[in-house]
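For reference, structure-v5.txt is printed below; it contains compact mmCIF, C-alpha atoms (C1' of nucleotides).
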```txt
# COMPACT_ATOMS: atom_id res chain seq x y z
CA MET A 67 7.08 -9.10 28.00
CA THR A 68 4.50 -10.09 25.37
CA ARG A 69 5.34 -12.59 22.67
CA LEU A 70 4.93 -9.83 20.11
CA LEU A 71 7.46 -7.59 21.84
CA GLY A 72 9.80 -10.57 22.05
CA THR A 73 9.49 -10.93 18.29
CA TYR A 74 10.42 -7.28 17.93
CA TYR A 75 13.66 -7.86 19.82
CA ILE A 76 14.45 -10.95 17.75
CA LEU A 77 14.11 -8.90 14.56
CA LEU A 78 16.05 -5.98 15.98
CA LYS A 79 18.90 -8.26 16.98
CA ARG A 80 18.99 -9.90 13.57
CA PHE A 81 18.55 -6.88 11.29
CA GLY A 82 19.60 -3.92 13.44
CA GLU A 83 17.97 -0.49 13.31
CA GLN A 84 16.40 0.34 9.94
CA ASN A 85 16.49 4.12 10.35
CA TRP A 86 13.04 4.80 8.95
CA TRP A 87 11.60 6.88 7.38
CA PRO A 88 14.25 7.64 4.72
CA ALA A 89 13.50 11.33 4.06
CA ASP A 90 15.00 14.80 4.52
CA SER A 91 11.89 16.35 6.06
CA GLU A 92 8.50 15.61 7.61
CA PHE A 93 6.89 16.91 4.45
CA GLU A 94 8.86 14.46 2.36
CA VAL A 95 7.60 11.65 4.61
CA VAL A 96 3.99 12.65 3.89
CA ILE A 97 4.58 12.77 0.15
CA GLY A 98 6.42 9.45 0.26
CA ALA A 99 3.60 7.86 2.27
CA ILE A 100 1.12 8.70 -0.48
CA LEU A 101 3.43 7.77 -3.35
CA THR A 102 4.30 4.37 -1.89
CA GLN A 103 0.71 3.15 -1.89
CA SER A 104 0.87 -0.30 -3.45
CA THR A 105 4.22 0.57 -4.98
CA SER A 106 7.81 -0.49 -4.37
CA TRP A 107 9.95 2.07 -2.62
CA LYS A 108 12.52 2.08 -5.42
CA ASN A 109 9.93 3.53 -7.80
CA VAL A 110 8.92 6.09 -5.18
CA GLU A 111 12.53 7.21 -4.84
CA LYS A 112 12.61 8.07 -8.53
CA ALA A 113 9.48 10.16 -8.25
CA ILE A 114 10.86 11.96 -5.19
CA ARG A 115 14.11 12.66 -7.01
CA ASN A 116 12.08 14.24 -9.82
CA LEU A 117 10.20 16.43 -7.34
CA LYS A 118 13.47 17.54 -5.73
CA LYS A 119 15.07 18.23 -9.09
CA LYS A 120 12.20 20.56 -9.95
CA ASP A 121 12.33 22.04 -6.46
CA VAL A 122 8.66 21.34 -5.74
CA LEU A 123 9.04 19.11 -2.68
CA ASN A 124 7.77 21.79 -0.33
CA PRO A 125 4.26 22.96 0.62
CA GLU A 126 4.36 26.24 -1.34
CA ALA A 127 5.63 24.85 -4.64
CA LEU A 128 3.45 21.77 -4.49
CA TYR A 129 0.45 23.98 -3.91
CA LYS A 130 1.25 26.07 -6.98
CA ILE A 131 2.23 23.36 -9.46
CA ASP A 132 -0.51 22.22 -11.77
CA VAL A 133 -1.73 18.68 -11.41
CA LYS A 134 -0.70 17.68 -14.93
CA ASN A 135 2.92 18.69 -14.39
CA LEU A 136 2.88 17.01 -11.01
CA SER A 137 1.54 13.82 -12.55
CA GLY A 138 4.41 13.79 -15.05
CA LEU A 139 7.02 14.17 -12.32
CA ILE A 140 5.69 11.30 -10.21
CA ARG A 141 5.12 8.99 -13.16
CA PRO A 142 7.74 6.40 -12.05
CA ALA A 143 5.75 5.76 -8.85
CA GLY A 144 2.83 4.34 -10.82
CA TYR A 145 -0.85 5.36 -10.67
CA HIS A 146 0.56 8.80 -11.34
CA ASN A 147 -2.74 10.47 -12.27
CA ALA A 148 -4.51 9.19 -9.17
CA LYS A 149 -1.53 9.99 -6.95
CA ALA A 150 -1.13 13.48 -8.35
CA ARG A 151 -4.73 14.14 -7.35
CA LYS A 152 -4.09 12.65 -3.91
CA LEU A 153 -1.08 14.90 -3.36
CA LYS A 154 -3.16 17.89 -4.45
CA GLU A 155 -6.02 16.95 -2.12
CA PHE A 156 -3.58 16.82 0.79
CA ILE A 157 -1.76 20.03 -0.03
CA ASN A 158 -5.03 21.89 -0.56
CA TYR A 159 -6.26 20.71 2.82
CA LEU A 160 -3.00 21.79 4.44
CA HIS A 161 -3.22 25.27 2.93
CA LYS A 162 -6.89 25.72 3.67
CA ASN A 163 -6.69 24.64 7.31
CA TYR A 164 -3.09 25.21 8.44
CA GLU A 165 -1.72 27.88 6.11
CA GLY A 166 0.48 25.23 4.52
CA ASN A 167 2.21 24.65 7.85
CA LEU A 168 2.74 20.95 8.56
CA SER A 169 4.08 21.54 12.08
CA LEU A 170 0.88 23.36 12.92
CA MET A 171 -1.16 20.43 11.68
CA PHE A 172 0.87 17.98 13.74
CA GLN A 173 0.05 19.86 16.94
CA VAL A 174 -3.46 18.41 16.68
CA PRO A 175 -4.05 15.57 19.21
CA ALA A 176 -3.49 12.10 17.76
CA GLU A 177 -7.07 10.89 17.47
CA ASN A 178 -8.29 14.13 15.90
CA LEU A 179 -5.31 14.25 13.55
CA ARG A 180 -6.05 10.73 12.38
CA ASN A 181 -9.66 11.60 11.62
CA GLU A 182 -8.59 14.71 9.75
CA LEU A 183 -6.14 12.73 7.63
CA LEU A 184 -8.78 10.09 6.87
CA SER A 185 -11.16 12.82 5.73
CA ILE A 186 -8.76 13.75 2.93
CA TRP A 187 -9.46 11.92 -0.34
CA GLY A 188 -6.68 9.41 -1.09
CA ILE A 189 -5.53 8.96 2.49
CA GLY A 190 -6.72 5.67 3.97
CA PRO A 191 -5.92 3.92 7.26
CA GLU A 192 -2.37 2.83 6.45
CA THR A 193 -1.28 6.10 4.89
CA ALA A 194 -2.80 8.03 7.80
CA ASP A 195 -0.98 5.88 10.35
CA SER A 196 2.30 6.13 8.42
CA ILE A 197 2.03 9.91 8.45
CA MET A 198 1.10 9.88 12.15
CA LEU A 199 4.08 7.72 13.12
CA TYR A 200 6.84 8.65 10.72
CA ALA A 201 6.09 12.32 10.11
CA ALA A 202 4.25 13.45 13.25
CA GLY A 203 5.99 11.08 15.68
CA LYS A 204 2.75 9.86 17.26
CA PRO A 205 2.90 6.39 18.91
CA VAL A 206 0.63 4.41 16.58
CA PHE A 207 1.15 1.00 14.98
CA VAL A 208 1.16 0.92 11.18
CA VAL A 209 -0.48 -2.11 9.61
CA ASP A 210 0.40 -3.09 6.07
CA ALA A 211 0.25 -6.16 3.83
CA TYR A 212 3.52 -7.48 5.29
CA THR A 213 2.26 -7.13 8.86
CA LYS A 214 -0.86 -9.11 8.11
CA ARG A 215 1.00 -11.84 6.28
CA ILE A 216 3.75 -12.16 8.87
CA PHE A 217 1.42 -12.09 11.88
CA SER A 218 -0.99 -14.64 10.42
CA ARG A 219 1.75 -16.95 9.18
CA HIS A 220 3.33 -16.93 12.62
CA GLY A 221 0.16 -17.54 14.56
CA PHE A 222 -0.37 -14.12 16.16
CA VAL A 223 -3.73 -13.52 14.45
CA ASP A 224 -6.20 -15.16 12.08
CA GLY A 225 -5.67 -14.64 8.37
CA ASP A 226 -9.05 -12.99 7.92
CA ILE A 227 -8.44 -10.24 10.49
CA ASP A 228 -9.13 -6.70 9.29
CA TYR A 229 -7.01 -3.56 9.56
CA TYR A 230 -8.35 -2.37 12.89
CA GLY A 231 -8.32 -5.83 14.43
CA LEU A 232 -4.64 -6.11 13.62
CA LYS A 233 -3.92 -2.56 14.76
CA ASP A 234 -5.67 -3.08 18.11
CA PHE A 235 -3.94 -6.38 18.72
CA SER A 236 -0.55 -4.83 17.99
CA GLU A 237 -1.03 -1.69 20.05
CA LYS A 238 -2.27 -3.72 23.04
CA ASN A 239 0.78 -5.96 22.93
CA LEU A 240 3.43 -3.30 22.41
CA PRO A 241 4.58 -0.29 24.45
CA LYS A 242 3.08 3.06 23.47
CA ASP A 243 6.49 4.21 22.36
CA ALA A 244 6.95 5.82 18.94
CA ARG A 245 10.56 4.64 18.73
CA VAL A 246 9.58 0.98 19.19
CA LEU A 247 6.57 1.23 16.85
CA ASN A 248 8.68 3.02 14.25
CA GLU A 249 11.42 0.42 14.34
CA PHE A 250 9.09 -2.57 14.51
CA HIS A 251 7.15 -1.64 11.38
CA ALA A 252 10.37 -1.06 9.48
CA LEU A 253 11.72 -4.42 10.68
CA LEU A 254 8.53 -6.18 9.58
CA VAL A 255 8.89 -4.71 6.10
CA ARG A 256 12.51 -5.88 6.04
CA LEU A 257 11.43 -9.38 7.14
CA GLY A 258 8.60 -9.37 4.60
CA LYS A 259 10.90 -8.49 1.74
CA GLU A 260 13.58 -11.01 2.65
CA HIS A 261 11.66 -13.97 4.04
CA CYS A 262 7.90 -13.62 3.97
CA ARG A 263 6.88 -12.63 0.48
CA LYS A 264 3.44 -13.25 -0.95
CA THR A 265 4.87 -15.99 -3.11
CA LYS A 266 8.01 -18.07 -2.65
CA PRO A 267 8.53 -17.60 1.11
CA VAL A 268 12.07 -18.35 2.17
CA CYS A 269 11.78 -19.78 5.67
CA ILE A 270 15.31 -21.11 5.92
CA GLY A 271 17.39 -18.55 7.73
CA CYS A 272 14.32 -16.51 8.67
CA PRO A 273 14.63 -15.28 12.27
CA LEU A 274 11.03 -16.42 12.88
CA GLU A 275 11.40 -19.78 11.13
CA LYS A 276 10.50 -21.82 14.24
CA GLN A 277 7.20 -19.99 14.66
CA CYS A 278 6.18 -20.20 11.01
CA LYS A 279 2.77 -21.79 10.42
CA ASN A 280 2.97 -21.50 6.67
CA LYS A 281 3.14 -25.29 6.23
CA LYS A 282 1.94 -25.37 2.66
CA THR A 283 4.75 -23.34 1.25
CA LYS A 284 7.36 -23.67 3.96
CA ILE A 285 10.59 -24.94 2.49
CA SER A 286 11.70 -28.15 4.11
CA ARG A 287 15.25 -28.68 5.33
CA LYS A 288 14.98 -32.38 4.46
CA LYS A 289 16.44 -33.54 1.16
C1' DG B 197 6.27 -12.40 -20.11
C1' DG B 198 3.96 -12.68 -15.66
C1' DC B 199 3.90 -11.32 -11.02
C1' DC B 200 3.76 -7.99 -7.60
C1' DA B 201 5.17 -3.93 -4.90
C1' DG B 202 5.53 -0.17 2.25
C1' DG B 203 -3.34 1.20 -0.79
C1' DA B 204 -7.48 3.66 -1.61
C1' DC B 205 -11.69 4.31 -3.77
C1' DA B 206 -15.89 3.33 -6.61
C1' DC B 207 -19.40 0.33 -7.58
C1' DC B 208 -22.35 -3.49 -6.91
C1' DA B 209 -25.11 -7.13 -4.74
C1' DT C 169 -20.20 -5.53 4.75
C1' DG C 170 -17.76 -7.89 1.47
C1' DG C 171 -16.12 -8.86 -3.10
C1' DT C 172 -14.27 -7.05 -7.42
C1' DG C 173 -12.41 -3.68 -10.74
C1' DT C 174 -9.45 0.36 -11.48
C1' DC C 175 -5.51 3.09 -11.08
C1' DA C 176 0.12 2.10 -13.82
C1' DT C 177 5.17 1.97 -13.60
C1' DG C 178 9.31 -0.73 -13.12
C1' DG C 179 12.19 -4.48 -11.01
C1' DC C 180 12.87 -9.27 -10.84
```
For the file at hand, write its structure as structure tokens.
Amino acid sequence: MTRLLGTYYILLKRFGEQNWWPADSEFEVVIGAILTQSTSWKNVEKAIRNLKKKDVLNPEALYKIDVKNLSGLIRPAGYHNAKARKLKEFINYLHKNYEGNLSLMFQVPAENLRNELLSIWGIGPETADSIMLYAAGKPVFVVDAYTKRIFSRHGFVDGDIDYYGLKDFSEKNLPKDARVLNEFHALLVRLGKEHCRKTKPVCIGCPLEKQCKNKKTKISRKK
DNA sequence: GGCCAGGACACCA
DNA sequence: TGGTGTCATGGC
């Protein structure tokens, strides 16, 4: 077993299954993946509630709604004008190429699907991988700000590693199993929120405290 | 009242 | 290729 996989089991034992992605449908996962860009999930939930209330959280309605109305509904998620355009870019692509059928799109082989997603304006590496893993069920590792911070602070990778360096490292050291990759990313976000924040890291009680290399800000047990 | 959150893109050197 | 600015609301 790799050290990284061992870390996964440590987190799983401590936090339990996270049951990601919290959504009622694959389509909702895609929308959530775009809305959560650089935004806390609590704000995304409000935007999603608005979309549900107006009954537009489906491919047909989202295709028909005008971008201004859409922008107003997703306002709580921040960057609402930019995100409304992003949602429109995705839904237009889906209608143009797959008749608005997400299941049809997800039949595309993983590597091709990833390139297609990346070709859509507003969908970058992380959002593409989130959609691949949590909506399409493809076995890919999702890198985010928490992953980078946690892995560098705990000595898995250098702090200046880029997205694909981190993704390659992770996928080489973990089984190609969507269930594991799904759970691990969710556990890393949980760890990041509770113990490995950008500022004020709380190492005491962190399940990875012994491995932490964050000397500068690590909180000492000594009085 | 400041910081930052489950990023991506445009622009510039 | 890498650094910086922009997009913006809401919780803590």
Give me, as a PyMOL selection string, all polymer residues having an atom no more than 9 Å from Glu126 in chain A, counting all atoms listed in the file and skipping those fewer than 3 positions away in the same chain.
chain A and resi 122-123+129-131+157+161+166
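Shortest separation to chain C among A:Lys108, A:Arg69, A:Lys119, A:Lys162 occurs at residue A:Lys108, atoms counted being all atoms listed in the file.
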Up to 8 Å from chain B, what residues of chain A turn up? Count only C-alpha atoms (C1' of nucleotides) and give them as a VMD selection string.
chain A and resid 102 to 107 188 to 190 192 to 193 210 255
Only residues of chain A matter here; which ones have an atom within 7 Å of chain C, counting all atoms listed in the file? Give them as a compact mmCIF listing (two decimals) with C-alpha atoms, in the frame of the given file.
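The file below, selection-v8.txt, is the result:
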```txt
# COMPACT_ATOMS: atom_id res chain seq x y z
CA ASN A 109 9.93 3.53 -7.80
CA PRO A 142 7.74 6.40 -12.05
CA ALA A 143 5.75 5.76 -8.85
CA GLY A 144 2.83 4.34 -10.82
CA TYR A 145 -0.85 5.36 -10.67
CA ALA A 148 -4.51 9.19 -9.17
```
Return the padded bounding box of range 172-176 of chain C as lines of an AutoDock Vina configuration file: axis-aligned, built from all atoms listed in the file, 5 Å added on each side, with centre and edge lengths in Å to one decimal.
```
center_x = -7.1
center_y = -2.0
center_z = -10.6
size_x = 24.4
size_y = 20.1
size_z = 16.4
```
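The spacing separating CA of Ala211 in chain A from CA of Gly258 in chain A amounts to 9.0 Å.
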Quick check, in Å to one decimal: how far apart do CA of Glu249 in chain A and CA of Lys79 in chain A lie?
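One can read the CA of Glu249 in chain A to CA of Lys79 in chain A distance as 11.8 Å.
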In Å and to one decimal, CA of His220 in chain A is distant from CA of Arg180 in chain A by 29.2 Å
Which residue out of A:Leu254, A:Leu71, A:Val209, A:Val110 has the minimum interatomic distance to Leu232 in chain A when all atoms listed in the file are used?
A:Val209
Counting all atoms listed in the file, find the residues whose atoms lie at most 10 Å from (16.7, 2.1, 10.5) (file coordinates) and write them out as a PDB file with C-alpha atoms, in the frame of the given file.
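Below is the file that was written, point14.pdb:
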```pdb
ATOM      1  CA  LEU A  78      16.050  -5.980  15.980  1.00  0.00           C
ATOM      2  CA  PHE A  81      18.550  -6.880  11.290  1.00  0.00           C
ATOM      3  CA  GLY A  82      19.600  -3.920  13.440  1.00  0.00           C
ATOM      4  CA  GLU A  83      17.970  -0.490  13.310  1.00  0.00           C
ATOM      5  CA  GLN A  84      16.400   0.340   9.940  1.00  0.00           C
ATOM      6  CA  ASN A  85      16.490   4.120  10.350  1.00  0.00           C
ATOM      7  CA  TRP A  86      13.040   4.800   8.950  1.00  0.00           C
ATOM      8  CA  TRP A  87      11.600   6.880   7.380  1.00  0.00           C
ATOM      9  CA  PRO A  88      14.250   7.640   4.720  1.00  0.00           C
ATOM     10  CA  ASN A 248       8.680   3.020  14.250  1.00  0.00           C
ATOM     11  CA  GLU A 249      11.420   0.420  14.340  1.00  0.00           C
ATOM     12  CA  PHE A 250       9.090  -2.570  14.510  1.00  0.00           C
ATOM     13  CA  ALA A 252      10.370  -1.060   9.480  1.00  0.00           C
ATOM     14  CA  LEU A 253      11.720  -4.420  10.680  1.00  0.00           C
TER      15      LEU A 253
END
```
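If only C-alpha atoms are the atoms counted, then among A:Met198, A:Ser137, A:Thr68, A:Glu94 the closest residue to Lys118 in chain A is A:Glu94.
Closest approach to Ile140 in chain A among A:Pro241, A:Leu101, A:Leu168, A:Gln173 is made by A:Leu101 (distances from all atoms listed in the file).
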